[in-house]
Each structure stands twice: as structure tokens, then as C-alpha cells.
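Novice: Sharing upload.txt here; it has compact mmCIF, C-alpha atoms.
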```
# COMPACT_ATOMS: atom_id res chain seq x y z
CA MET A 1 0.00 0.00 0.00
CA ASN A 2 2.93 2.27 0.80
CA LYS A 3 4.29 1.72 -2.67
CA ILE A 4 0.99 2.80 -4.14
CA ILE A 5 0.94 5.96 -2.07
CA ILE A 6 4.55 6.77 -3.06
CA THR A 7 3.76 6.15 -6.73
CA PHE A 8 0.71 8.36 -6.50
CA ALA A 9 2.69 11.12 -4.78
CA LEU A 10 5.47 10.91 -7.36
CA LEU A 11 3.06 11.13 -10.27
CA PHE A 12 1.20 13.97 -8.59
CA PHE A 13 4.30 16.11 -8.24
CA LEU A 14 6.30 15.02 -11.27
CA ILE A 15 3.74 15.60 -14.02
CA PRO A 16 3.08 19.29 -13.24
CA GLY A 17 6.78 19.78 -12.71
CA LEU A 18 7.61 18.36 -16.09
CA ALA A 19 4.93 20.52 -17.72
CA LEU A 20 6.16 23.71 -16.13
CA SER A 21 9.77 22.91 -16.91
CA GLN A 22 8.95 23.32 -20.61
CA ALA A 23 8.44 27.05 -20.06
CA PRO A 24 11.66 28.99 -19.34
CA ALA A 25 11.86 30.94 -16.14
CA GLU A 26 10.33 34.40 -16.44
CA ASP A 27 13.27 36.05 -14.75
CA GLU A 28 15.67 34.55 -17.26
CA ILE A 29 13.58 35.85 -20.16
CA THR A 30 13.32 39.29 -18.64
CA ASP A 31 17.05 39.56 -18.03
CA SER A 32 18.17 38.34 -21.45
CA GLU A 33 15.46 40.33 -23.24
CA SER A 34 16.24 43.53 -21.42
CA SER A 35 19.99 43.27 -22.08
CA SER A 36 19.49 42.59 -25.80
CA LYS A 37 16.89 45.37 -25.99
CA ASP A 38 19.32 47.79 -24.40
CA LYS A 39 21.93 46.86 -26.98
CA ILE A 40 19.44 47.22 -29.84
CA ASP A 41 18.29 50.60 -28.51
CA GLU A 42 21.89 51.73 -28.20
CA ILE A 43 22.64 50.75 -31.80
CA LYS A 44 19.42 52.39 -32.96
CA ASP A 45 20.37 55.64 -31.21
CA LYS A 46 23.82 55.62 -32.80
CA VAL A 47 22.40 54.98 -36.28
CA THR A 48 19.72 57.63 -35.84
CA THR A 49 22.27 60.21 -34.70
CA GLN A 50 24.52 59.51 -37.67
CA VAL A 51 21.62 59.62 -40.12
CA GLU A 52 20.43 62.90 -38.63
CA LYS A 53 23.91 64.35 -38.96
CA LEU A 54 24.17 63.22 -42.55
CA ASN A 55 20.75 64.57 -43.53
CA LEU A 56 20.83 67.77 -41.53
CA VAL A 57 22.67 69.74 -44.18
CA GLU A 58 21.89 69.71 -47.87
CA ARG A 59 22.94 71.74 -50.91
CA LYS A 60 20.35 74.22 -52.03
CA GLY A 61 19.92 77.20 -54.30
CA LEU A 62 17.73 80.12 -53.26
CA MET A 63 16.59 83.22 -55.10
CA GLY A 64 14.82 86.35 -53.94
CA VAL A 65 14.81 90.01 -53.10
CA VAL A 66 16.87 91.26 -50.15
CA GLU A 67 14.75 92.46 -47.24
CA SER A 68 17.51 93.32 -44.77
CA VAL A 69 21.24 92.92 -44.21
CA ASN A 70 22.65 92.59 -40.73
CA GLU A 71 25.98 91.24 -39.46
CA ASN A 72 26.73 88.64 -42.11
CA GLN A 73 23.10 87.65 -42.22
CA ILE A 74 20.88 88.47 -45.17
CA LYS A 75 17.11 88.09 -45.15
CA ILE A 76 15.51 87.60 -48.52
CA ASN A 77 11.93 87.35 -49.67
CA ASP A 78 11.95 84.33 -51.96
CA LEU A 79 9.76 83.67 -55.00
CA ASN A 80 7.09 82.15 -52.76
CA ASP A 81 6.94 85.29 -50.59
CA LYS A 82 8.68 83.48 -47.77
CA ILE A 83 11.44 85.07 -45.69
CA ARG A 84 14.67 83.07 -45.88
CA ILE A 85 17.86 83.64 -43.93
CA ILE A 86 21.25 83.50 -45.63
CA GLU A 87 24.51 83.57 -43.75
CA VAL A 88 27.76 84.60 -45.37
CA ASP A 89 31.33 84.03 -44.23
CA GLU A 90 34.86 84.50 -45.53
CA LEU A 91 34.42 81.60 -47.97
CA THR A 92 31.40 83.11 -49.71
CA LYS A 93 32.15 84.13 -53.30
CA TYR A 94 30.28 87.07 -54.82
CA SER A 95 29.53 87.88 -58.43
CA SER A 96 27.39 90.17 -60.55
CA THR A 97 26.92 90.63 -64.26
CA GLU A 98 26.56 94.39 -63.74
CA ASN A 99 29.29 95.03 -61.19
CA ASN A 100 32.67 93.29 -61.29
CA SER A 101 33.53 94.42 -57.79
CA PHE A 102 30.26 93.23 -56.31
CA GLY A 103 30.60 92.14 -52.70
CA TYR A 104 28.87 91.96 -49.37
CA ASP A 105 28.90 95.75 -49.02
CA ASN A 106 26.87 96.12 -52.22
CA ILE A 107 23.97 94.08 -50.90
CA GLU A 108 21.11 96.24 -49.76
CA PRO A 109 17.33 95.95 -49.43
CA GLY A 110 15.81 95.56 -52.89
CA THR A 111 18.81 93.78 -54.42
CA ASN A 112 17.88 90.65 -56.36
CA ILE A 113 20.18 87.82 -55.45
CA SER A 114 20.57 84.12 -55.95
CA THR A 115 22.73 81.97 -53.76
CA LEU A 116 24.05 78.44 -53.63
CA GLY A 117 25.08 76.99 -50.34
CA LEU A 118 24.59 74.57 -47.49
CA TYR A 119 21.12 74.58 -46.04
CA ASN A 120 20.71 73.53 -42.42
CA LYS A 121 17.33 71.91 -41.96
CA ASP A 122 17.43 72.46 -38.24
CA SER A 123 18.20 76.20 -38.20
CA GLU A 124 16.58 76.71 -41.64
CA LYS A 125 19.51 78.93 -42.62
CA LEU A 126 21.61 78.71 -45.75
CA LEU A 127 25.34 79.19 -45.47
CA ALA A 128 26.14 80.85 -48.80
CA ARG A 129 29.04 79.58 -50.83
CA PHE A 130 28.18 81.52 -53.97
CA LEU A 131 26.09 84.68 -53.99
CA ASN A 132 25.15 86.40 -57.24
CA GLU A 133 23.37 89.62 -58.04
CA ILE A 134 20.77 88.79 -60.68
CA SER A 135 17.78 90.10 -62.58
CA ILE A 136 14.70 88.04 -61.81
CA PRO A 137 12.60 87.44 -64.91
CA VAL A 138 8.84 87.86 -64.90
CA PHE A 139 6.52 85.05 -65.98
CA LEU A 140 2.95 86.10 -66.69
CA THR A 141 -0.10 84.06 -67.64
CA GLY A 142 -3.36 85.72 -68.61
CA VAL A 143 -5.66 86.89 -71.36
CA ILE A 144 -4.85 89.58 -73.91
CA SER A 145 -7.22 92.46 -73.16
CA ASP A 146 -5.81 95.00 -75.62
CA VAL A 147 -3.54 95.09 -78.64
CA ASN A 148 -1.84 98.39 -79.35
CA GLU A 149 -0.51 98.32 -82.88
CA ASP A 150 0.93 101.82 -82.64
CA ASP A 151 3.61 101.02 -80.11
CA PHE A 152 3.70 97.24 -80.58
CA SER A 153 2.44 96.42 -77.15
CA ILE A 154 -0.37 94.39 -75.70
CA THR A 155 -2.18 94.46 -72.39
CA LEU A 156 -2.25 91.16 -70.55
CA THR A 157 -4.78 90.74 -67.75
CA THR A 158 -3.91 88.12 -65.15
CA GLU A 159 -6.15 86.18 -62.76
CA ASP A 160 -5.36 88.60 -59.95
CA GLU A 161 -6.93 91.34 -62.11
CA ILE A 162 -3.69 93.19 -62.80
CA ASN A 163 -3.15 94.67 -66.25
CA TYR A 164 0.40 94.38 -67.52
CA ILE A 165 1.62 96.23 -70.59
CA ILE A 166 3.81 93.88 -72.57
CA ASP A 167 6.18 95.52 -75.01
CA ILE A 168 6.81 93.31 -78.02
CA GLU A 169 10.40 94.01 -79.03
CA THR A 170 12.30 92.97 -82.13
CA ILE A 171 14.04 90.36 -80.00
CA THR A 172 10.74 89.01 -78.68
CA LYS A 173 10.11 85.46 -79.81
CA SER A 174 6.44 84.74 -80.54
CA PHE A 175 4.93 81.27 -80.58
CA SER A 176 1.53 79.80 -81.17
CA PHE A 177 0.63 76.58 -79.33
CA THR A 178 -1.49 74.67 -81.81
CA ASP A 179 -2.15 70.96 -81.58
CA GLU A 180 0.86 69.65 -79.70
CA ASP A 181 3.60 71.92 -80.99
CA LEU A 182 4.88 75.44 -80.74
CA GLU A 183 4.83 77.27 -84.06
CA ASN A 184 6.52 80.55 -84.80
CA SER A 185 4.11 83.44 -84.70
CA GLY A 186 4.20 87.21 -84.81
CA PHE A 187 2.67 90.39 -83.49
CA SER A 188 -0.07 90.29 -86.15
CA ASN A 189 -1.33 87.00 -84.70
CA LEU A 190 -1.94 88.46 -81.26
CA GLU A 191 -5.66 89.02 -80.66
CA VAL A 192 -7.81 90.23 -77.83
CA LEU A 193 -9.24 87.42 -75.64
CA GLN A 194 -6.46 85.00 -76.46
CA ASN A 195 -4.80 83.19 -73.59
CA ALA A 196 -1.13 84.08 -73.49
CA VAL A 197 2.01 83.39 -71.52
CA ALA A 198 4.71 86.07 -71.55
CA THR A 199 8.19 86.22 -70.11
CA GLY A 200 10.48 89.20 -69.82
CA PHE A 201 11.98 91.75 -67.50
CA PRO A 202 10.22 94.59 -65.74
CA ASP A 203 10.59 98.12 -67.04
CA PRO A 204 12.51 99.98 -64.32
CA ASP A 205 10.66 103.21 -65.11
CA GLU A 206 7.09 102.00 -65.18
CA GLU A 207 5.31 99.63 -62.87
CA ASN A 208 3.56 96.64 -64.48
CA ARG A 209 5.30 97.21 -67.79
CA ILE A 210 7.30 94.30 -69.14
CA SER A 211 9.80 94.09 -71.93
CA ALA A 212 9.00 90.68 -73.36
CA ASN A 213 11.53 88.22 -74.63
CA ARG A 214 8.88 85.57 -75.36
CA ILE A 215 5.15 85.40 -75.83
CA ILE A 216 3.12 82.26 -76.43
CA ILE A 217 -0.54 82.29 -77.46
CA PHE A 218 -3.12 79.51 -77.40
CA PRO A 219 -5.49 80.25 -80.30
CA ASP A 220 -7.37 76.93 -80.06
CA ILE A 221 -8.41 77.37 -76.44
CA PRO A 222 -11.20 79.69 -75.22
CA ASN A 223 -10.16 82.55 -72.98
CA ASN A 224 -9.75 81.89 -69.27
CA PRO A 225 -13.25 82.06 -67.70
CA ARG A 226 -11.76 83.27 -64.42
CA ILE A 227 -10.51 86.48 -66.04
CA ASN A 228 -13.17 89.10 -66.72
CA ILE A 229 -12.33 91.44 -69.54
CA GLU A 230 -14.39 94.25 -70.93
CA VAL A 231 -13.65 94.86 -74.56
CA SER A 232 -14.77 98.30 -75.68
CA SER A 233 -14.20 97.97 -79.41
CA PRO A 234 -13.83 94.46 -80.70
CA THR A 235 -11.73 94.41 -83.81
CA ALA A 236 -11.65 90.78 -84.84
CA GLU A 237 -14.67 89.20 -86.49
CA SER A 238 -14.23 86.07 -84.48
CA THR A 239 -14.25 87.97 -81.21
CA PRO A 240 -17.03 86.61 -79.03
CA THR A 241 -19.41 88.54 -76.80
CA PRO A 242 -17.52 91.60 -75.50
CA THR A 243 -18.36 91.37 -71.84
CA LEU A 244 -17.38 88.19 -70.08
CA MET B 1 -4.53 -5.73 -5.88
CA ASN B 2 -3.46 -5.18 -9.53
CA LYS B 3 -6.80 -3.63 -10.33
CA GLU B 4 -6.39 -1.27 -7.41
CA LYS B 5 -2.91 -0.27 -8.61
CA VAL B 6 -4.12 0.46 -12.10
CA LEU B 7 -7.01 2.58 -10.85
CA ILE B 8 -4.80 4.55 -8.52
CA SER B 9 -2.22 5.09 -11.30
CA ILE B 10 -4.88 6.29 -13.73
CA SER B 11 -6.39 8.63 -11.19
CA ALA B 12 -2.92 9.92 -10.33
CA VAL B 13 -2.20 10.63 -14.01
CA VAL B 14 -5.55 12.38 -14.43
CA VAL B 15 -5.10 14.50 -11.32
CA GLY B 16 -1.50 15.31 -12.28
CA SER B 17 -2.57 16.32 -15.79
CA LEU B 18 -5.30 18.54 -14.42
CA VAL B 19 -2.84 20.23 -12.09
CA ALA B 20 -0.36 20.69 -14.97
CA ILE B 21 -3.03 22.20 -17.22
CA GLY B 22 -4.11 24.49 -14.40
CA ALA B 23 -0.54 25.58 -13.78
CA LEU B 24 0.01 26.29 -17.49
CA PHE B 25 -3.21 28.27 -17.65
CA LEU B 26 -2.10 30.34 -14.67
CA TYR B 27 1.33 30.91 -16.25
CA GLN B 28 -0.15 32.07 -19.57
CA SER B 29 -2.68 34.37 -17.93
CA THR B 30 -0.02 36.10 -15.84
CA LYS B 31 2.42 36.55 -18.77
CA LYS B 32 2.55 40.18 -19.92
CA ILE B 33 3.71 41.37 -23.33
CA SER B 34 5.61 44.63 -23.29
CA LYS B 35 4.51 47.42 -25.68
CA SER B 36 7.77 47.22 -27.63
CA GLU B 37 7.00 43.62 -28.51
CA VAL B 38 3.60 44.49 -29.90
CA LYS B 39 3.72 44.92 -33.65
CA SER B 40 1.35 47.60 -34.86
CA ILE B 41 -0.16 47.21 -38.29
CA SER B 42 -1.46 50.31 -39.98
CA VAL B 43 -3.51 50.23 -43.12
CA SER B 44 -2.93 53.34 -45.17
CA SER B 45 -5.93 54.85 -46.85
CA PRO B 46 -5.83 54.83 -50.65
CA THR B 47 -4.42 57.85 -52.45
CA PRO B 48 -7.27 60.35 -52.77
CA THR B 49 -8.50 60.95 -56.22
CA PRO B 50 -7.84 64.52 -57.29
CA ALA B 51 -10.89 66.70 -57.05
CA SER B 52 -12.53 67.62 -60.29
CA GLY B 53 -11.10 70.67 -61.93
CA LEU B 54 -7.71 71.76 -63.06
CA PHE B 55 -4.68 70.80 -61.02
CA LEU B 56 -0.94 70.59 -61.59
CA THR B 57 1.49 68.59 -59.52
CA ILE B 58 5.20 68.52 -60.20
CA ASP B 59 7.19 65.43 -59.25
CA SER B 60 10.47 66.63 -60.69
CA PRO B 61 12.48 68.79 -60.28
CA ILE B 62 12.43 69.54 -56.57
CA ASP B 63 12.27 73.21 -55.67
CA GLU B 64 15.66 74.78 -54.83
CA GLU B 65 17.45 71.69 -56.10
CA ILE B 66 21.06 71.85 -57.29
CA VAL B 67 21.76 69.76 -60.38
CA GLU B 68 24.91 68.91 -62.28
CA THR B 69 23.43 68.59 -65.76
CA ARG B 70 21.98 71.29 -67.99
CA LEU B 71 19.05 69.11 -69.02
CA VAL B 72 16.44 68.86 -66.33
CA GLU B 73 13.58 66.39 -66.36
CA VAL B 74 10.21 67.99 -65.67
CA SER B 75 7.48 65.53 -64.80
CA GLY B 76 4.17 65.62 -63.05
CA GLN B 77 0.46 65.24 -63.50
CA THR B 78 -2.47 67.36 -64.59
CA ILE B 79 -5.82 66.70 -66.21
CA PRO B 80 -5.87 65.05 -69.65
CA GLY B 81 -6.36 67.40 -72.58
CA THR B 82 -4.35 70.17 -70.97
CA LYS B 83 -1.64 72.01 -72.87
CA LEU B 84 1.60 72.48 -71.00
CA ILE B 85 4.34 75.03 -71.49
CA ILE B 86 7.61 74.69 -69.62
CA LEU B 87 9.72 77.84 -69.66
CA THR B 88 13.20 78.70 -68.53
CA SER B 89 15.17 81.84 -69.28
CA THR B 90 16.52 80.27 -72.46
CA ASP B 91 14.18 77.46 -73.40
CA GLU B 92 10.52 76.79 -74.02
CA VAL B 93 9.06 73.33 -74.33
CA SER B 94 5.50 72.30 -75.10
CA ALA B 95 3.94 69.11 -73.84
CA VAL B 96 0.63 67.35 -73.59
CA PRO B 97 -0.16 64.81 -70.89
CA THR B 98 -1.05 61.19 -71.50
CA ASP B 99 -4.58 59.85 -71.01
CA ASP B 100 -3.97 59.54 -67.27
CA GLY B 101 -2.71 63.13 -67.09
CA LYS B 102 0.96 62.32 -66.56
CA PHE B 103 3.67 64.15 -68.42
CA SER B 104 7.44 64.10 -68.60
CA THR B 105 9.80 66.15 -70.70
CA GLU B 106 13.21 67.78 -70.52
CA VAL B 107 14.15 71.42 -70.49
CA SER B 108 17.55 73.05 -70.71
CA ILE B 109 18.86 75.44 -68.10
CA THR B 110 21.78 77.81 -67.81
CA SER B 111 24.55 77.95 -65.23
CA ASN B 112 23.78 79.09 -61.71
CA GLU B 113 20.16 79.85 -60.86
CA ASN B 114 17.16 79.13 -63.05
CA ILE B 115 13.44 79.56 -62.73
CA ILE B 116 11.44 76.79 -64.36
CA GLU B 117 7.87 77.92 -64.91
CA ILE B 118 5.30 75.26 -65.77
CA VAL B 119 1.96 76.49 -67.10
CA ALA B 120 -0.99 74.20 -67.75
CA ILE B 121 -3.96 75.49 -69.73
CA ALA B 122 -7.10 73.35 -69.67
CA PRO B 123 -9.40 72.89 -72.66
CA ASN B 124 -11.89 75.32 -71.07
CA GLY B 125 -9.24 78.04 -70.82
CA GLU B 126 -8.50 77.80 -67.10
CA SER B 127 -4.84 77.88 -66.24
CA VAL B 128 -2.65 76.85 -63.38
CA ARG B 129 1.08 77.22 -62.96
CA ALA B 130 3.92 75.94 -60.85
CA ARG B 131 7.42 77.24 -60.36
CA ARG B 132 10.69 75.62 -59.42
CA VAL B 133 14.06 77.22 -58.71
CA VAL B 134 16.80 74.92 -59.96
CA SER B 135 20.49 75.75 -59.92
CA PHE B 136 23.21 74.26 -62.05
CA THR B 137 26.74 73.93 -60.76
CA THR B 138 29.57 71.44 -60.84
CA GLU B 139 31.35 73.14 -57.96
CA ASP B 140 31.99 70.99 -54.93
CA PHE B 141 31.01 72.61 -51.66
```
The structure in this file should be written as C-alpha cells.

Specialist:
Amino acid sequence: MNKIIITFALLFFLIPGLALSQAPAEDEITDSESSSKDKIDEIKDKVTTQVEKLNLVERKGLMGVVESVNENQIKINDLNDKIRIIEVDELTKYSSTENNSFGYDNIEPGTNISTLGLYNKDSEKLLARFLNEISIPVFLTGVISDVNEDDFSITLTTEDEINYIIDIETITKSFSFTDEDLENSGFSNLEVLQNAVATGFPDPDEENRISANRIIIFPDIPNNPRINIEVSSPTAESTPTPTL
Amino acid sequence: MNKEKVLISISAVVVGSLVAIGALFLYQSTKKISKSEVKSISVSSPTPTPASGLFLTIDSPIDEEIVETRLVEVSGQTIPGTKLIILTSTDEVSAVPTDDGKFSTEVSITSNENIIEIVAIAPNGESVRARRVVSFTTEDF
């Protein structure tokens, strides 16, 4: 009978013990897991730091109009009307097509500049390596609201309801966008209510007057419905209803 | 006597198994999974379809990018049927998008800074434009 009791006791304790022995001790798991996690986290931190260092600075080129100049720091208003900060140092090289001796002292509010340098994503400043004085060209898109044959100019009305006088010069290249290609065109092909794209440089003496170096018209496309133009004396037979 | 032994052995095995199962159940229920071990699965929503109307997105070039070649790829998407003009200070390129609105072409630039103006004019006359400043240099800095 004693043997039976001993057998029973052995089975009673051994079977659960064997079952539980299949699972590793929780403490062991916690210790080994935590040490390997610490190592992984440490490696991750190192990699992240290096990646951040590598990506923090990138080469960029900015363009805009100088707003202010102060102690080797130039603030410009870029083409998206955003203020950008440019820093210059002894390595910055200056150039200008108009002024051979152009340098830091020549930079003043209103100067158009472009600069190439190292942009710091963190400080959002650009350390200029090359800084050039430039003329910023004008790109206009709108509808021709007047054609002045006397002085070879047109009036281009844009979506923001500004009328620009575009002088068509002898150097102005004219194109007509028909089908899928650009074809050479001329002043005689410019008509009121045509969509047009013009590029050029502003007239320093008159606001909203542009000396065009290119003009492209789109004769197959109706005029932009978002631009309202009142035509007082339609000249072309194909001109649609005057008031739009 | 043998019958008694067998019965006791069977009952011992049954009781032992029950205890083992109970112990395992307790072990599993007390086991906690740390947050770092939990894998999160996120399902991204599909790319929204552009709203009706004229739009112009430019994939290339990136604004304020510095390039080392004078030919720059201009690619993006607009609505089909649109006429595209890509302008730089020295070059003008026309393009029309494919049936899905995508377009890709090349335009030449000059040294230093360049403005690339992309104008899209829809068949109804509406226009939209995008601008990129791209600079060309081979200088190492």
C-alpha cells in the first residue's frame, strides 16, 4: 500500500513539474530580453544620430529680393513670398553681371540675389558659398485684353486682375501653341481674348510694364473664364461677346 | 490488488494532468507582453483621387534643387487634354499629358540659378502654374 501511495505522490508532483519545466523561467527571459533590448536601442540611437547628422545639411539654391542685411546675415523674400535667412562668411564668393567688384557691401534691401550653399534643416539657414546679383525674370499668364498696334504692345490681364503692358520688341520670340507643338508666330497674330504666356523683364521706369523676350498664345483654347475682360471695341470678327 | 494499482495510477495521471493544465493556464494568464513587442499594423488609406477641376502637380524637379546637368527632367500630372508650357530663361518646351494626365519632358537650363515655370492650360481656358528654382553647378562645396 505504501508503494501505491509513493507512486501516487510521485506522479502527482512530477507531471506538473515536467509541464512547467517546458516554459523557461520568467526572470531569465526578462534579463536576457532587457539586455538585448538595451543593446538594440543603443545601436538604434547611434544609427539615428549619424543619419540625422548626414541629412541635416543639404545643398540648395535660393533666389529672392533682399529684405535686410545685418551682421553677415541676409534676409531675402523668396519667390514664394517666404522670408529666408542666408549667412555669409569668408568663404562666400560674390559675383554680378553688372558690377565686377560686387561684394557683401553692395547688398542692400531691394537687391535681387541668388545663392548656392549649405542649407541647415534644423536652423533653416543657408550658409552661402556663392552669392550672385541677378535680374529676376517675370513670368505672366493671362488673357490679352488689348492690342496696341501703334507702339507694338499688348495688355495682358492676369487672374489677380492686374493689367500688364507687354512691349513686343524685335528680339521678342512669338509662338503659337497649336495641336501639340509650338509654331513661330508674330505680333499680327496676337488678338484680344487670347490666352497668353509672356516672359520678360520689368521696365525699371514704369510699374507693371514688361519688356517681353517671349510670348506664347493659345489660339485653339477659349479665354480663361476666371478672367473678366471688358472689350470696348472688338476688332476681330471672331471675337465673341464683348463682356465676359 | 493489480486492479487497485491500475485505478490509482490512472487517477494519479488524471489529477496530475489537471494540475499541470491548471498551472500552465495560470502561467499564460499572468504573462505580460511589453509594448515594444507588440507589432502595430497600420492600413494606409488609398491615395485620394484629385478633385474635379484643373490641377498641376510637379514630381520633378524639386524646388531649390542643385543639379549637375543642364538638361532637367520635368514631370508631373495634370488633367488630360491640358496644354503644357515649360519655360526657362533660355528654353521653351511644349507638352501634352497622356490619357492619365501624366507628363514628362526635358528642359535646358543655364549655369547658376534658373526659374522653371510650368503652365498648364485646360481645354476650357482655365490655367494653373507651378514654379521651381533649380540651380546648375559642378562646384563641390

Novice: When you look at range 68-81 of chain B with a cut-off of 7 Å (counting only C-alpha atoms), what residues show up, excluding the ones that are within fewer than 5 positions of it in the same chain? I need them as a list in words.

Specialist: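 Using only C-alpha atoms, the neighbours found are Leu54, Phe55, Leu56, Thr57, Ile58, Asp59, Ser60, Pro61, Pro97, Thr98, Asp99, Asp100, Gly101, Lys102, Phe103, Ser104, Thr105, Glu106, Val107, Ser108, Ile109, Thr110, Ala122, Pro123, Phe136, Thr137 and Thr138 of chain B.
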
Novice: Near chain A, which residues of chain B fall within 9 Å when you count all atoms listed in the file, and what do they look like as a PyMOL selection string?

Specialist: chain B and resi 5+8-9+11-13+15-24+27+31+63-66+83+85+87+89+92-96+112-115+117+119+121-129+131+133-137+141

Novice: Have a look at CA of Asp91 in chain B and CA of Ile116 in chain B and let me know their distance in Å, one decimal.

Specialist: 9.5 Å

Novice: Restricting the calculation to all atoms listed in the file: of A:Asp105, A:Lys125, A:Asp203, A:Leu193, which residue gets closest to Thr158 in chain A?

Specialist: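 Counting all atoms listed in the file, the residue closest to Thr158 in chain A is A:Leu193.
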
Novice: Calculate how many Å separate CA of Thr170 in chain A from CA of Glu149 in chain A, rounding to one decimal.

Specialist: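 Taking CA of Thr170 in chain A as the start and CA of Glu149 in chain A as the end point, the length is 13.9 Å.
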
Novice: Missing atoms in range 57-75 of chain A: can you complete it with N, CA and C atoms, as a compact mmCIF listing (two decimals), in the coordinates of the input?

Specialist:
```
# COMPACT_ATOMS: atom_id res chain seq x y z
N VAL A 57 22.22 68.71 -43.26
CA VAL A 57 22.67 69.74 -44.18
C VAL A 57 22.53 69.24 -45.61
N GLU A 58 21.98 70.08 -46.46
CA GLU A 58 21.89 69.71 -47.87
C GLU A 58 22.21 70.92 -48.74
N ARG A 59 22.62 70.66 -49.97
CA ARG A 59 22.94 71.74 -50.91
C ARG A 59 21.65 72.29 -51.49
N LYS A 60 21.56 73.60 -51.50
CA LYS A 60 20.35 74.22 -52.03
C LYS A 60 20.69 75.50 -52.76
N GLY A 61 19.78 75.92 -53.62
CA GLY A 61 19.92 77.20 -54.30
C GLY A 61 18.68 78.04 -54.07
N LEU A 62 18.86 79.23 -53.55
CA LEU A 62 17.73 80.12 -53.26
C LEU A 62 17.80 81.36 -54.15
N MET A 63 16.67 82.01 -54.28
CA MET A 63 16.59 83.22 -55.10
C MET A 63 15.55 84.14 -54.48
N GLY A 64 15.82 85.43 -54.49
CA GLY A 64 14.82 86.35 -53.94
C GLY A 64 15.32 87.78 -53.88
N VAL A 65 14.51 88.59 -53.23
CA VAL A 65 14.81 90.01 -53.10
C VAL A 65 15.23 90.28 -51.66
N VAL A 66 16.34 91.00 -51.49
CA VAL A 66 16.87 91.26 -50.15
C VAL A 66 15.90 92.14 -49.36
N GLU A 67 15.60 91.68 -48.15
CA GLU A 67 14.75 92.46 -47.24
C GLU A 67 15.61 93.26 -46.27
N SER A 68 16.63 92.61 -45.72
CA SER A 68 17.51 93.32 -44.77
C SER A 68 18.88 92.64 -44.74
N VAL A 69 19.87 93.44 -44.33
CA VAL A 69 21.24 92.92 -44.21
C VAL A 69 21.75 93.30 -42.83
N ASN A 70 22.22 92.29 -42.09
CA ASN A 70 22.65 92.59 -40.73
C ASN A 70 23.68 91.57 -40.26
N GLU A 71 24.91 92.05 -40.03
CA GLU A 71 25.98 91.24 -39.46
C GLU A 71 26.10 89.86 -40.12
N ASN A 72 26.51 89.88 -41.35
CA ASN A 72 26.73 88.64 -42.11
C ASN A 72 25.48 87.77 -42.27
N GLN A 73 24.35 88.37 -42.05
CA GLN A 73 23.10 87.65 -42.22
C GLN A 73 22.18 88.45 -43.15
N ILE A 74 21.72 87.80 -44.18
CA ILE A 74 20.88 88.47 -45.17
C ILE A 74 19.51 87.81 -45.16
N LYS A 75 18.48 88.63 -45.06
CA LYS A 75 17.11 88.09 -45.15
C LYS A 75 16.58 88.41 -46.53
```
